[in-house]
Each structure stands twice: as C-alpha cells, then as structure tokens.
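Peer 1: What follows is run14.txt; its format and atoms are compact mmCIF, C-alpha atoms.
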```txt
# COMPACT_ATOMS: atom_id res chain seq x y z
CA MET A 1 -49.93 -46.11 -109.99
CA LYS A 2 -47.09 -44.52 -111.90
CA LYS A 3 -48.89 -41.18 -111.81
CA ASN A 4 -49.27 -41.47 -108.01
CA TYR A 5 -45.51 -42.04 -107.61
CA LEU A 6 -44.79 -39.01 -109.73
CA TYR A 7 -47.20 -36.91 -107.67
CA LEU A 8 -45.60 -38.03 -104.39
CA PHE A 9 -42.13 -37.29 -105.79
CA PHE A 10 -43.30 -33.79 -106.78
CA LEU A 11 -44.67 -33.09 -103.27
CA LEU A 12 -41.47 -34.40 -101.70
CA ALA A 13 -39.40 -32.07 -103.87
CA ILE A 14 -41.54 -29.10 -102.83
CA PHE A 15 -41.32 -29.86 -99.10
CA THR A 16 -37.60 -30.57 -99.34
CA ASN A 17 -36.99 -27.25 -101.08
CA CYS A 18 -39.17 -25.34 -98.61
CA GLY A 19 -37.32 -26.90 -95.74
CA LYS A 20 -33.88 -26.00 -97.09
CA ASP A 21 -31.74 -24.28 -94.47
CA LYS A 22 -31.13 -20.66 -95.58
CA ASN A 23 -27.92 -19.72 -93.80
CA LYS A 24 -27.01 -16.22 -92.73
CA LEU A 25 -23.86 -15.44 -90.76
CA VAL A 26 -22.73 -11.85 -90.16
CA ASP A 27 -20.05 -10.76 -87.71
CA ARG A 28 -21.43 -8.33 -85.15
CA ASP A 29 -19.26 -5.34 -86.15
CA LEU A 30 -20.24 -5.82 -89.81
CA GLU A 31 -23.96 -6.22 -89.22
CA VAL A 32 -24.73 -2.47 -89.28
CA TYR A 33 -23.29 -2.16 -92.80
CA VAL A 34 -25.10 -5.25 -94.08
CA ASP A 35 -28.40 -3.97 -92.69
CA ARG A 36 -27.69 -0.56 -94.22
CA PHE A 37 -27.04 -2.17 -97.62
CA PHE A 38 -30.45 -3.86 -97.59
CA GLU A 39 -32.09 -0.61 -96.45
CA GLU A 40 -30.53 1.26 -99.38
CA ALA A 41 -31.70 -1.46 -101.77
CA ALA A 42 -35.26 -1.19 -100.41
CA LYS A 43 -35.24 2.61 -100.86
CA ARG A 44 -34.56 1.98 -104.54
CA ASN A 45 -37.15 -0.82 -104.82
CA VAL A 46 -34.45 -3.38 -105.55
CA GLU A 47 -35.23 -6.84 -104.18
CA VAL A 48 -32.25 -8.63 -102.68
CA SER A 49 -32.08 -11.67 -100.42
CA ASP A 50 -29.90 -12.40 -97.41
CA ASP A 51 -30.27 -16.18 -97.85
CA ASP A 52 -27.00 -18.11 -97.84
CA LEU A 53 -25.00 -15.01 -96.92
CA GLU A 54 -21.84 -14.78 -94.84
CA VAL A 55 -20.09 -11.49 -94.02
CA VAL A 56 -17.14 -12.15 -91.78
CA PHE A 57 -13.70 -10.94 -90.76
CA ARG A 58 -10.74 -12.96 -92.01
CA ASP A 59 -7.01 -12.38 -92.15
CA LEU A 60 -6.33 -11.39 -95.76
CA THR A 61 -2.61 -10.75 -95.39
CA GLU A 62 -1.67 -13.31 -98.04
CA GLU A 63 -4.20 -11.87 -100.49
CA GLY A 64 -2.89 -8.34 -99.86
CA VAL A 65 -6.37 -6.77 -99.89
CA CYS A 66 -8.82 -5.34 -97.35
CA GLY A 67 -11.88 -7.15 -98.66
CA LEU A 68 -13.14 -9.92 -100.93
CA GLY A 69 -16.63 -10.70 -102.21
CA TYR A 70 -17.90 -13.94 -103.77
CA PHE A 71 -21.25 -14.58 -105.45
CA ARG A 72 -20.69 -18.36 -105.46
CA TYR A 73 -18.08 -19.17 -102.85
CA LEU A 74 -16.02 -22.24 -103.87
CA GLY A 75 -18.70 -23.18 -106.41
CA THR A 76 -21.53 -23.32 -103.85
CA ASP A 77 -24.66 -21.20 -103.43
CA LEU A 78 -22.98 -19.30 -100.60
CA ARG A 79 -22.60 -15.52 -101.07
CA LYS A 80 -19.62 -14.53 -98.98
CA VAL A 81 -17.81 -11.34 -98.01
CA GLU A 82 -14.50 -11.38 -96.16
CA ILE A 83 -13.15 -8.21 -94.53
CA SER A 84 -9.63 -7.89 -93.16
CA PRO A 85 -9.45 -6.97 -89.46
CA ASP A 86 -6.07 -5.30 -90.07
CA PHE A 87 -5.87 -1.89 -88.39
CA PHE A 88 -5.39 0.02 -91.64
CA CYS A 89 -8.27 -1.90 -93.24
CA TRP A 90 -10.79 -1.33 -90.46
CA GLU A 91 -10.06 0.50 -87.19
CA PHE A 92 -8.17 3.28 -89.00
CA HIS A 93 -11.29 4.26 -90.99
CA ASP A 94 -14.48 6.06 -90.00
CA ASP A 95 -18.05 4.85 -90.47
CA LEU A 96 -18.56 5.90 -94.09
CA ALA A 97 -15.14 4.69 -95.21
CA ARG A 98 -16.02 1.27 -93.80
CA GLU A 99 -19.36 1.47 -95.58
CA ASN A 100 -17.52 2.14 -98.86
CA LEU A 101 -15.52 -1.07 -98.44
CA VAL A 102 -18.37 -3.33 -97.28
CA PHE A 103 -20.81 -2.07 -99.91
CA HIS A 104 -18.20 -2.66 -102.62
CA GLU A 105 -17.79 -6.28 -101.53
CA LEU A 106 -21.55 -6.80 -101.12
CA GLY A 107 -21.83 -5.51 -104.68
CA HIS A 108 -19.79 -8.54 -105.71
CA ALA A 109 -21.53 -11.04 -103.42
CA ILE A 110 -25.18 -10.01 -103.68
CA LEU A 111 -25.50 -7.97 -106.88
CA ARG A 112 -22.99 -10.02 -108.90
CA ARG A 113 -21.12 -6.87 -109.86
CA THR A 114 -17.64 -7.18 -111.36
CA HIS A 115 -14.85 -4.62 -111.25
CA VAL A 116 -15.42 -1.71 -113.62
CA ASN A 117 -12.75 0.98 -113.90
CA ASN A 118 -14.59 3.46 -116.10
CA ILE A 119 -14.36 7.11 -115.09
CA LEU A 120 -16.71 10.08 -115.18
CA PRO A 121 -15.86 13.00 -117.48
CA ILE A 122 -14.28 14.87 -114.55
CA GLY A 123 -11.99 11.91 -113.80
CA LEU A 124 -13.67 10.36 -110.75
CA PRO A 125 -14.72 6.67 -110.75
CA ALA A 126 -17.93 6.05 -112.69
CA GLN A 127 -19.08 3.59 -110.04
CA MET A 128 -17.96 2.21 -106.70
CA MET A 129 -17.09 -1.18 -108.21
CA CYS A 130 -13.76 0.26 -109.37
CA ASP A 131 -10.98 -2.09 -108.20
CA GLY A 132 -8.50 -1.33 -105.45
CA ASN A 133 -5.57 -1.00 -107.84
CA SER A 134 -7.24 1.87 -109.69
CA CYS A 135 -9.30 3.49 -106.92
CA ASP A 136 -9.32 4.03 -103.19
CA VAL A 137 -12.15 1.72 -102.11
CA PHE A 138 -12.53 3.71 -98.88
CA SER A 139 -13.20 7.11 -100.41
CA TYR A 140 -15.80 7.05 -103.17
CA TYR A 141 -17.67 9.41 -100.82
CA ASP A 142 -17.51 10.70 -97.24
CA LYS A 143 -19.58 12.82 -94.89
CA TYR A 144 -18.65 16.00 -96.78
CA THR A 145 -19.59 14.57 -100.19
CA LEU A 146 -22.99 13.00 -99.55
CA GLY A 147 -24.12 14.08 -103.01
CA LYS A 148 -21.59 11.65 -104.39
CA ARG A 149 -22.91 8.95 -102.04
CA ALA A 150 -26.42 9.31 -103.47
CA TYR A 151 -25.14 8.84 -107.02
CA TYR A 152 -22.75 5.97 -106.25
CA LEU A 153 -25.43 4.00 -104.42
CA ASP A 154 -27.95 4.63 -107.21
CA LYS A 155 -25.35 3.36 -109.70
CA LEU A 156 -24.52 0.35 -107.52
CA PHE A 157 -28.13 -0.85 -107.44
CA ARG A 158 -29.15 0.35 -110.90
CA LEU A 159 -26.49 0.33 -113.61
CA SER A 160 -28.72 2.48 -115.85
CA THR A 161 -28.23 5.49 -113.55
CA PRO A 162 -27.01 8.39 -115.76
CA THR A 163 -23.98 10.58 -115.14
CA PRO A 164 -24.88 13.33 -112.63
CA ASN A 165 -24.30 16.98 -113.51
CA TRP A 166 -21.45 17.22 -110.98
CA GLY A 167 -19.66 14.45 -112.88
CA LYS A 168 -19.71 16.33 -116.19
CA ILE A 169 -17.20 18.83 -117.57
CA LYS A 170 -18.12 22.32 -116.38
CA LYS A 171 -17.73 25.41 -118.56
CA ASP A 172 -19.74 28.07 -116.70
CA ALA A 173 -17.14 30.02 -114.71
CA THR A 174 -17.78 32.64 -112.02
CA THR A 175 -14.81 34.44 -110.47
CA PHE A 176 -14.71 33.90 -106.70
CA PHE A 177 -11.34 35.49 -105.97
CA GLU A 178 -8.78 37.34 -108.05
CA GLU A 179 -5.51 39.07 -107.25
CA ASP A 180 -3.63 41.05 -109.87
CA VAL A 181 -1.03 42.06 -107.23
CA GLU A 182 -1.18 45.68 -108.37
CA SER A 183 -3.10 46.75 -105.28
CA SER A 184 -1.26 47.95 -102.20
CA GLU A 185 -2.66 45.13 -100.07
CA VAL A 186 -2.03 41.58 -101.27
CA LYS A 187 -3.60 38.56 -99.59
CA GLY A 188 -1.34 35.85 -98.26
CA THR A 189 1.40 35.04 -95.80
CA LEU A 190 4.93 33.80 -96.34
CA MET A 191 5.98 30.30 -95.32
CA ALA A 192 9.78 30.56 -95.02
CA PRO A 193 11.66 27.40 -94.01
CA ASN A 194 15.03 29.15 -93.57
CA ALA A 195 16.77 32.52 -93.69
CA ASN A 196 17.73 32.01 -97.34
CA PHE A 197 14.11 31.78 -98.45
CA THR A 198 12.39 35.09 -99.05
CA GLY A 199 9.03 36.26 -100.27
CA THR A 200 7.83 39.73 -101.13
CA ILE A 201 5.92 41.83 -103.63
CA ALA A 202 8.18 43.05 -106.44
CA GLU A 203 8.22 43.92 -110.12
CA ASN A 204 9.02 40.93 -112.31
CA PRO A 205 11.87 41.30 -114.82
CA LEU A 206 9.76 40.40 -117.87
CA ASN A 207 7.09 43.12 -117.94
CA GLN A 208 7.79 45.03 -114.69
CA SER A 209 4.36 44.12 -113.33
CA ARG A 210 4.01 43.77 -109.55
CA SER A 211 4.07 40.07 -108.62
CA ILE A 212 4.46 37.74 -105.70
CA LYS A 213 8.20 37.02 -105.66
CA LEU A 214 9.57 33.86 -104.03
CA SER A 215 13.31 33.17 -103.92
CA ASN A 216 15.63 30.59 -102.48
CA THR A 217 19.22 31.84 -102.63
CA GLY A 218 20.85 29.53 -100.12
CA LYS A 219 22.38 26.10 -100.48
CA PHE A 220 20.87 23.92 -103.16
CA GLU A 221 20.32 21.10 -100.64
CA ASN A 222 17.39 22.76 -98.87
CA SER A 223 14.95 20.05 -97.81
CA LYS A 224 11.87 22.03 -96.77
CA LEU A 225 9.03 23.63 -98.67
CA GLY A 226 8.79 27.38 -98.89
CA GLY A 227 5.81 29.25 -100.22
CA TRP A 228 3.05 31.82 -100.19
CA ILE A 229 -0.28 30.86 -98.61
CA ILE A 230 -3.62 32.52 -99.37
CA GLN A 231 -6.55 31.58 -97.14
CA LEU A 232 -10.17 32.38 -97.98
CA ASP A 233 -12.47 31.98 -94.97
CA LYS A 234 -16.14 30.99 -94.87
CA PRO A 235 -16.65 30.59 -98.63
CA ASP A 236 -20.29 30.51 -99.70
CA ILE A 237 -20.05 27.85 -102.42
CA GLN A 238 -22.44 24.96 -103.02
CA GLU A 239 -21.41 21.33 -102.86
CA GLY A 240 -20.59 19.57 -106.12
CA VAL A 241 -19.18 22.42 -108.20
CA ASP A 242 -15.51 22.52 -109.29
CA LEU A 243 -12.88 25.10 -108.38
CA LYS A 244 -10.32 26.26 -110.94
CA PHE A 245 -7.21 28.18 -109.92
CA SER A 246 -4.93 29.84 -112.44
CA THR A 247 -1.88 32.09 -112.26
CA GLN A 248 0.76 33.62 -114.52
CA ILE A 249 4.26 32.35 -113.70
CA ILE A 250 7.69 33.75 -114.56
CA ALA A 251 10.80 31.83 -113.52
CA GLU A 252 14.25 33.37 -113.14
CA ASP A 253 17.31 31.13 -112.91
CA LEU A 254 15.16 28.39 -111.37
CA LYS A 255 17.06 25.13 -110.92
CA GLY A 256 16.13 21.85 -109.23
CA GLU A 257 12.79 20.17 -108.55
CA GLY A 258 10.71 23.20 -109.51
CA ILE A 259 7.50 24.62 -108.05
CA ASN A 260 4.12 23.33 -106.90
CA LEU A 261 0.60 24.75 -106.98
CA VAL A 262 -1.80 23.50 -104.29
CA LEU A 263 -5.54 24.01 -103.88
CA ARG A 264 -7.38 22.47 -100.95
CA THR A 265 -10.38 22.89 -98.67
CA TYR A 266 -10.88 22.48 -94.94
CA SER A 267 -14.23 21.32 -93.60
CA GLY A 268 -15.65 20.79 -90.14
CA ASP A 269 -16.19 22.98 -87.12
CA THR A 270 -14.24 24.15 -84.08
CA THR A 271 -13.78 20.56 -82.89
CA GLU A 272 -12.86 19.09 -86.26
CA ARG A 273 -10.99 20.86 -89.04
CA VAL A 274 -9.88 18.42 -91.69
CA ILE A 275 -8.66 18.61 -95.27
CA SER A 276 -11.81 17.63 -97.16
CA SER A 277 -10.42 17.91 -100.70
CA ALA A 278 -7.09 18.72 -102.30
CA THR A 279 -5.29 18.84 -105.63
CA SER A 280 -1.81 19.94 -106.69
CA LYS A 281 0.28 20.46 -109.80
CA LYS A 282 4.06 20.15 -109.97
CA LEU A 283 5.88 22.22 -112.57
CA THR A 284 9.47 21.52 -113.61
CA ASN A 285 11.81 22.83 -116.31
CA LEU A 286 10.16 26.25 -116.52
CA SER A 287 11.75 28.38 -119.24
CA ASN A 288 13.88 31.23 -117.96
CA LEU A 289 12.24 34.67 -118.10
CA SER A 290 9.25 33.37 -120.03
CA SER A 291 5.62 33.90 -119.02
CA VAL A 292 3.32 30.90 -118.73
CA THR A 293 -0.20 30.61 -117.34
CA GLU A 294 -0.90 27.41 -115.42
CA ALA A 295 -4.14 26.14 -113.91
CA LEU A 296 -5.38 23.30 -111.74
CA THR A 297 -8.92 22.14 -111.00
CA LEU A 298 -10.36 20.73 -107.81
CA VAL A 299 -13.34 18.57 -108.78
CA TYR A 300 -16.41 18.18 -106.56
CA TYR A 301 -16.33 20.91 -103.94
CA PRO A 302 -17.27 19.36 -100.55
CA SER A 303 -19.80 20.58 -97.98
CA ASN A 304 -19.26 22.51 -94.73
CA VAL A 305 -16.07 24.16 -96.02
CA GLN A 306 -14.62 26.60 -93.52
CA GLN A 307 -11.61 27.65 -95.55
CA ILE A 308 -10.10 27.43 -99.03
CA GLU A 309 -6.31 27.43 -99.18
CA ILE A 310 -4.13 28.32 -102.17
CA ILE A 311 -0.41 27.59 -101.83
CA LEU A 312 2.36 28.67 -104.20
CA GLN A 313 5.45 26.58 -103.36
CA ILE A 314 9.09 26.30 -104.26
CA LEU A 315 9.91 22.61 -103.90
CA PRO A 316 12.83 21.26 -101.85
CA ASN A 317 16.25 21.17 -103.53
CA THR A 318 15.32 24.13 -105.74
CA SER A 319 17.15 27.43 -106.08
CA GLY A 320 16.29 30.61 -107.94
CA THR A 321 13.31 32.94 -108.16
CA VAL A 322 9.74 32.63 -109.35
CA TYR A 323 7.07 35.32 -109.81
CA PHE A 324 3.29 34.79 -109.59
CA ASP A 325 0.79 37.27 -111.04
CA ASP A 326 -2.88 37.43 -112.10
CA LEU A 327 -4.16 34.91 -109.56
CA ASN A 328 -7.72 33.76 -110.21
CA LEU A 329 -10.02 31.30 -108.46
CA SER A 330 -13.26 30.50 -110.28
CA VAL A 331 -16.32 28.40 -109.43
CA MET A 332 -17.10 26.06 -112.33
CA GLU A 333 -20.68 24.89 -112.83
CA TYR A 334 -22.42 22.72 -115.41
```
In structure tokens, how does this file's structure come out?

Peer 2:
Amino acid sequence: MKKNYLYLFFLLAIFTNCGKDKNKLVDRDLEVYVDRFFEEAAKRNVEVSDDDLEVVFRDLTEEGVCGLGYFRYLGTDLRKVEISPDFFCWEFHDDLARENLVFHELGHAILRRTHVNNILPIGLPAQMMCDGNSCDVFSYYDKYTLGKRAYYLDKLFRLSTPTPNWGKIKKDATTFFEEDVESSEVKGTLMAPNANFTGTIAENPLNQSRSIKLSNTGKFENSKLGGWIIQLDKPDIQEGVDLKFSTQIIAEDLKGEGINLVLRTYSGDTTERVISSATSKKLTNLSNLSSVTEALTLVYYPSNVQQIEIILQILPNTSGTVYFDDLNLSVMEY
C-alpha cells in the first residue's frame, strides 16, 4: 500500500509540473526585439526559453537608467526586463540602437550575463554586456557597422567567441592620402570665424618648408572654432579597417586652449548624410618653434562612407599661429 501511495504522489507531481502556468508578457513595442533575440539565438543553435518572461516598459527615473534585466526577479523564477519609456531612452533612438539596449537587458534576464567591462585591443568594448557607466549601451553597433553586430551577437550567445581581426591592433599601413604642402595646389578650405582668423599656405619659421598656416591675431576671447578642412569624397575603403592620420606641427606664440585634430566619416546617401564615426585629439602647451608629429586613429571604418573629413582647428580662446605639414592618412589593416 505504501508503494501505491508513493506512485500516486509521483504521478501527481508530474501532472502538477506539466500543468504549471508558463507566463510570458511582452509589451507590443518591445515584441519585435524579443522575437529578434530568439531568432538570433536559433541561428547560433543556442536553446533559450521564453517561459516566465516579462519585457515591459516602466518609469525608471528613480533608478537613473534606460533599462534593467533580472534573471530571478525578486527571488522568483520570473525573468524580467524593464525598459524606460523616456524619450531619450526610446523614441530618440533608431531600430538598431533600441536593439542594442533590449538585447543587453535580455542578456541579463535570459542568458544570466553580468556586466563585463573588458575591452578589445583597439579599445572598443569586448562584449555588449559592458555597463552603462563605461559604455554607450545604444551604440555597440549600428547600420553602418554590421560587422561589429555579427561579432557582438556571437559573443553575447557564446562567450568563447574569439577576438575578431578588426578588434586587433593593426600594423599593415597603406597610404590613402598625403599632402606635403610643397605642391602648388593644396587640398582644403578655410573655416574662418572672424576677420582676425586667417589661413594660408606659407613657409614655417623653423625649416622654411611650405605649410598650412593658421593664425588668430584678434582678441583672446574669441569663442568660435577656426580651422582648415580637407574633404575626401567617395573613398573606396572596406568596412572594419582603421584610419590613421598624422601631421607635423609647429606652434608660434600659441597661447590659450590650443589646437584640435579631427577625423570623421560621413555615411548615407542623398537623403541621409550622417556622421558615422569620429575621433579627435586636443593638443595644449605646444612648445614654441618646435616640431612635433602627432597622430590619431579612427578605429573600425564604417560602411557606405561618402566622405572622409580631416579638420585642423585652433580652439576657442586661443591666439597665435600654428603650422601643419606632412599630412598623411593611412588605412591600417591586420
């Protein structure tokens, strides 16, 4: 008789477990990203369940974040994601930026991922579980960096995914553009904020080599940027490489905030031309009449680039003269 009771208890446990209510609640505007998450998991043969899952909007003003993810919400079996409906957390962003955020939180709730702030050799996040204080959770990838998306999703679902070649330090350099300023025609246009700001081609006082000369001789309180802009149209460069810009700089009686080097790309078409990547380097306290070569690197060149822009700037509240020579832009590959 005792054995019969045990058998009945075992059957009851099975039927009770099979009949357990597996909850799933997903707000309509979030459903497309949840479905996409499961599709990406299936592509990688990773089995995940949507049982006991809630993905909802909630005011997260007090928490000061745009999203939260819980593997065991309040100690229960509920996996829960909360997304802030705040304009700058949702409506402000496009489809893939929203995907970045929701996938990050689903990484917490479904994959039990914790925050990891490791970086790749080139300085980008090693995975999309980097926390919001160290990374922009909306921009691990976008529509112009889909190569990064492939890696970050592989890494999200399989932590053993190795570092991609685009994430490694690149040493193979190929010159894409160079300007020694000795030629009669020099690329670039002057951006002059006021009559006291001038730009021309002149011999520098150190070695009498022809250089791009920028000067601000007016009041020290100038509040606008002045500079020299070089634009390179329709560059034929593959996605994922790095760009390295270098130039020789000679300062003459330069006082104030200093100068700035800018390298950026524009992607899109005639209906959309947006800055798709950018980097800059501020230089202060340059020695007077001393030559220095400075460089900056733009990591992960995006797709559909219509124009590369190089800007040599004198910062606001700066007076004096600066010369730029031996400009070089190289494509860096692994």

Peer 1: Fewer than 5 positions away in the same chain doesn't count, so skip those; otherwise give me all residues within 12 Å of Thr321 (chain A), counting all atoms listed in the file, as an mmCIF file with C-alpha atoms, in the frame of the given file.

Peer 2:
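Saved result, around.cif, follows:
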```cif
data_model
loop_
_atom_site.group_PDB
_atom_site.id
_atom_site.type_symbol
_atom_site.label_atom_id
_atom_site.label_comp_id
_atom_site.auth_asym_id
_atom_site.auth_seq_id
_atom_site.Cartn_x
_atom_site.Cartn_y
_atom_site.Cartn_z
ATOM 1 C CA ASN A 196 17.730 32.010 -97.340
ATOM 2 C CA PHE A 197 14.110 31.780 -98.450
ATOM 3 C CA THR A 198 12.390 35.090 -99.050
ATOM 4 C CA GLY A 199 9.030 36.260 -100.270
ATOM 5 C CA THR A 200 7.830 39.730 -101.130
ATOM 6 C CA ALA A 202 8.180 43.050 -106.440
ATOM 7 C CA ASN A 204 9.020 40.930 -112.310
ATOM 8 C CA PRO A 205 11.870 41.300 -114.820
ATOM 9 C CA SER A 211 4.070 40.070 -108.620
ATOM 10 C CA ILE A 212 4.460 37.740 -105.700
ATOM 11 C CA LYS A 213 8.200 37.020 -105.660
ATOM 12 C CA LEU A 214 9.570 33.860 -104.030
ATOM 13 C CA SER A 215 13.310 33.170 -103.920
ATOM 14 C CA ASN A 216 15.630 30.590 -102.480
ATOM 15 C CA THR A 217 19.220 31.840 -102.630
ATOM 16 C CA GLY A 218 20.850 29.530 -100.120
ATOM 17 C CA GLY A 226 8.790 27.380 -98.890
ATOM 18 C CA GLY A 227 5.810 29.250 -100.220
ATOM 19 C CA ILE A 249 4.260 32.350 -113.700
ATOM 20 C CA ILE A 250 7.690 33.750 -114.560
ATOM 21 C CA ALA A 251 10.800 31.830 -113.520
ATOM 22 C CA GLU A 252 14.250 33.370 -113.140
ATOM 23 C CA ASP A 253 17.310 31.130 -112.910
ATOM 24 C CA LEU A 254 15.160 28.390 -111.370
ATOM 25 C CA LYS A 255 17.060 25.130 -110.920
ATOM 26 C CA GLY A 256 16.130 21.850 -109.230
ATOM 27 C CA GLY A 258 10.710 23.200 -109.510
ATOM 28 C CA ILE A 259 7.500 24.620 -108.050
ATOM 29 C CA LEU A 286 10.160 26.250 -116.520
ATOM 30 C CA ASN A 288 13.880 31.230 -117.960
ATOM 31 C CA LEU A 289 12.240 34.670 -118.100
ATOM 32 C CA GLN A 313 5.450 26.580 -103.360
ATOM 33 C CA ILE A 314 9.090 26.300 -104.260
ATOM 34 C CA LEU A 315 9.910 22.610 -103.900
#
```

Peer 1: Can you measure CA of Asn117 (chain A) to CA of Val26 (chain A) for me? One decimal in Å is fine.

Peer 2: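 Between CA of Asn117 (chain A) and CA of Val26 (chain A) the gap is 28.8 Å.
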
Peer 1: Just the residues within 10 Å of Gly132 (chain A), please, counting only C-alpha atoms, with nothing from its chain fewer than 4 positions along; format it as a VMD selection string.

Peer 2: chain A and resid 65 to 67 101 115 117 136 to 138

Peer 1: Write the residues you've just listed into a file as a short mmCIF file (atom, residue, chain, number, x, y, z; two decimals), keeping the file's coordinate frame, and include C-alpha atoms for each of them.

Peer 2:
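Ended up saving to selection31.cif:
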```cif
data_model
loop_
_atom_site.label_atom_id
_atom_site.label_comp_id
_atom_site.auth_asym_id
_atom_site.auth_seq_id
_atom_site.Cartn_x
_atom_site.Cartn_y
_atom_site.Cartn_z
CA VAL A 65 -6.37 -6.77 -99.89
CA CYS A 66 -8.82 -5.34 -97.35
CA GLY A 67 -11.88 -7.15 -98.66
CA LEU A 101 -15.52 -1.07 -98.44
CA HIS A 115 -14.85 -4.62 -111.25
CA ASN A 117 -12.75 0.98 -113.90
CA ASP A 136 -9.32 4.03 -103.19
CA VAL A 137 -12.15 1.72 -102.11
CA PHE A 138 -12.53 3.71 -98.88
#
```

Peer 1: Considering all atoms listed in the file, give me a table of residues in region 103-135 of chain A that are at most 10 Å from region 159-162 of chain A, with the closest atom pair and distance in Å for each, as JSON lines.

Peer 2:
```
{"residue": "A:Arg113", "atom": "CA", "partner": "A:Leu159", "partner_atom": "CA", "distance": 9.7}
{"residue": "A:Ala126", "atom": "CA", "partner": "A:Pro162", "partner_atom": "CA", "distance": 9.9}
{"residue": "A:Gln127", "atom": "CA", "partner": "A:Leu159", "partner_atom": "CA", "distance": 8.8}
```

Peer 1: Which residues, protein or nucleic acid, reach to within 9 Å of (-2.2, 40.0, -105.7) in the file's coordinates when using all atoms listed in the file, and can you give that as an MDAnalysis selection string?

Peer 2: chainID A and resid 178:188 201 210:212 324:327

Peer 1: Put those residues in a file: C-alpha atoms, as a JSON list (two decimals), in the coordinates of the input.

Peer 2:
```json
[["chain", "number", "residue", "atom", "x", "y", "z"],
["A", 178, "GLU", "CA", -8.78, 37.34, -108.05],
["A", 179, "GLU", "CA", -5.51, 39.07, -107.25],
["A", 180, "ASP", "CA", -3.63, 41.05, -109.87],
["A", 181, "VAL", "CA", -1.03, 42.06, -107.23],
["A", 182, "GLU", "CA", -1.18, 45.68, -108.37],
["A", 183, "SER", "CA", -3.10, 46.75, -105.28],
["A", 184, "SER", "CA", -1.26, 47.95, -102.20],
["A", 185, "GLU", "CA", -2.66, 45.13, -100.07],
["A", 186, "VAL", "CA", -2.03, 41.58, -101.27],
["A", 187, "LYS", "CA", -3.60, 38.56, -99.59],
["A", 188, "GLY", "CA", -1.34, 35.85, -98.26],
["A", 201, "ILE", "CA", 5.92, 41.83, -103.63],
["A", 210, "ARG", "CA", 4.01, 43.77, -109.55],
["A", 211, "SER", "CA", 4.07, 40.07, -108.62],
["A", 212, "ILE", "CA", 4.46, 37.74, -105.70],
["A", 324, "PHE", "CA", 3.29, 34.79, -109.59],
["A", 325, "ASP", "CA", 0.79, 37.27, -111.04],
["A", 326, "ASP", "CA", -2.88, 37.43, -112.10],
["A", 327, "LEU", "CA", -4.16, 34.91, -109.56]]
```

Peer 1: Write out as a JSON list (two decimals) with C-alpha atoms, in the frame of the given file the residues lying within 7 Å of Asp27 (chain A), counting all atoms listed in the file and excluding same-chain residues fewer than 4 positions away.

Peer 2:
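Here's the written file out_3.json:
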```json
[["chain", "number", "residue", "atom", "x", "y", "z"],
["A", 31, "GLU", "CA", -23.96, -6.22, -89.22],
["A", 55, "VAL", "CA", -20.09, -11.49, -94.02],
["A", 56, "VAL", "CA", -17.14, -12.15, -91.78]]
```

Peer 1: Could you jot down the CA of Thr270 (chain A) to CA of Thr145 (chain A) separation for me, Å, one decimal place?

Peer 2: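 Going from CA of Thr270 (chain A) over to CA of Thr145 (chain A), I get 19.5 Å.
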
Peer 1: Using all atoms listed in the file for the distances, tell me which of A:Pro302, A:Gly240, A:Gly69, A:Pro193 is nearest to Phe103 (chain A).

Peer 2: A:Gly69

Peer 1: Just want the 6 Å neighbourhood of Tyr70 (chain A), counted on only C-alpha atoms, with same-chain residues fewer than 4 positions away dropped. Output as a list in words.

Peer 2: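 What passes the distance filter is Arg79, Lys80 and Ala109 of chain A.
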
Peer 1: Calculated over all atoms listed in the file, which of the candidates A:Asp86, A:Asp50, A:Asp242, A:Asp269 has the smallest distance to Lys171 (chain A)?

Peer 2: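 Answer, going by the shortest atom-to-atom distance: A:Asp242.
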
Peer 1: Could you pull the residues within 9 Å of Asp142 (chain A), counting all atoms listed in the file, minus those fewer than 3 positions along the same chain, as number ranges by chain?

Peer 2: A: 95-97, 100, 138-139, 145-146, 148-149, 276

Peer 1: Find, counting all atoms listed in the file, the residue in A:Thr175, A:Thr271, A:Ser280, A:Ser209 that gets nearest to Ala295 (chain A).

Peer 2: A:Ser280
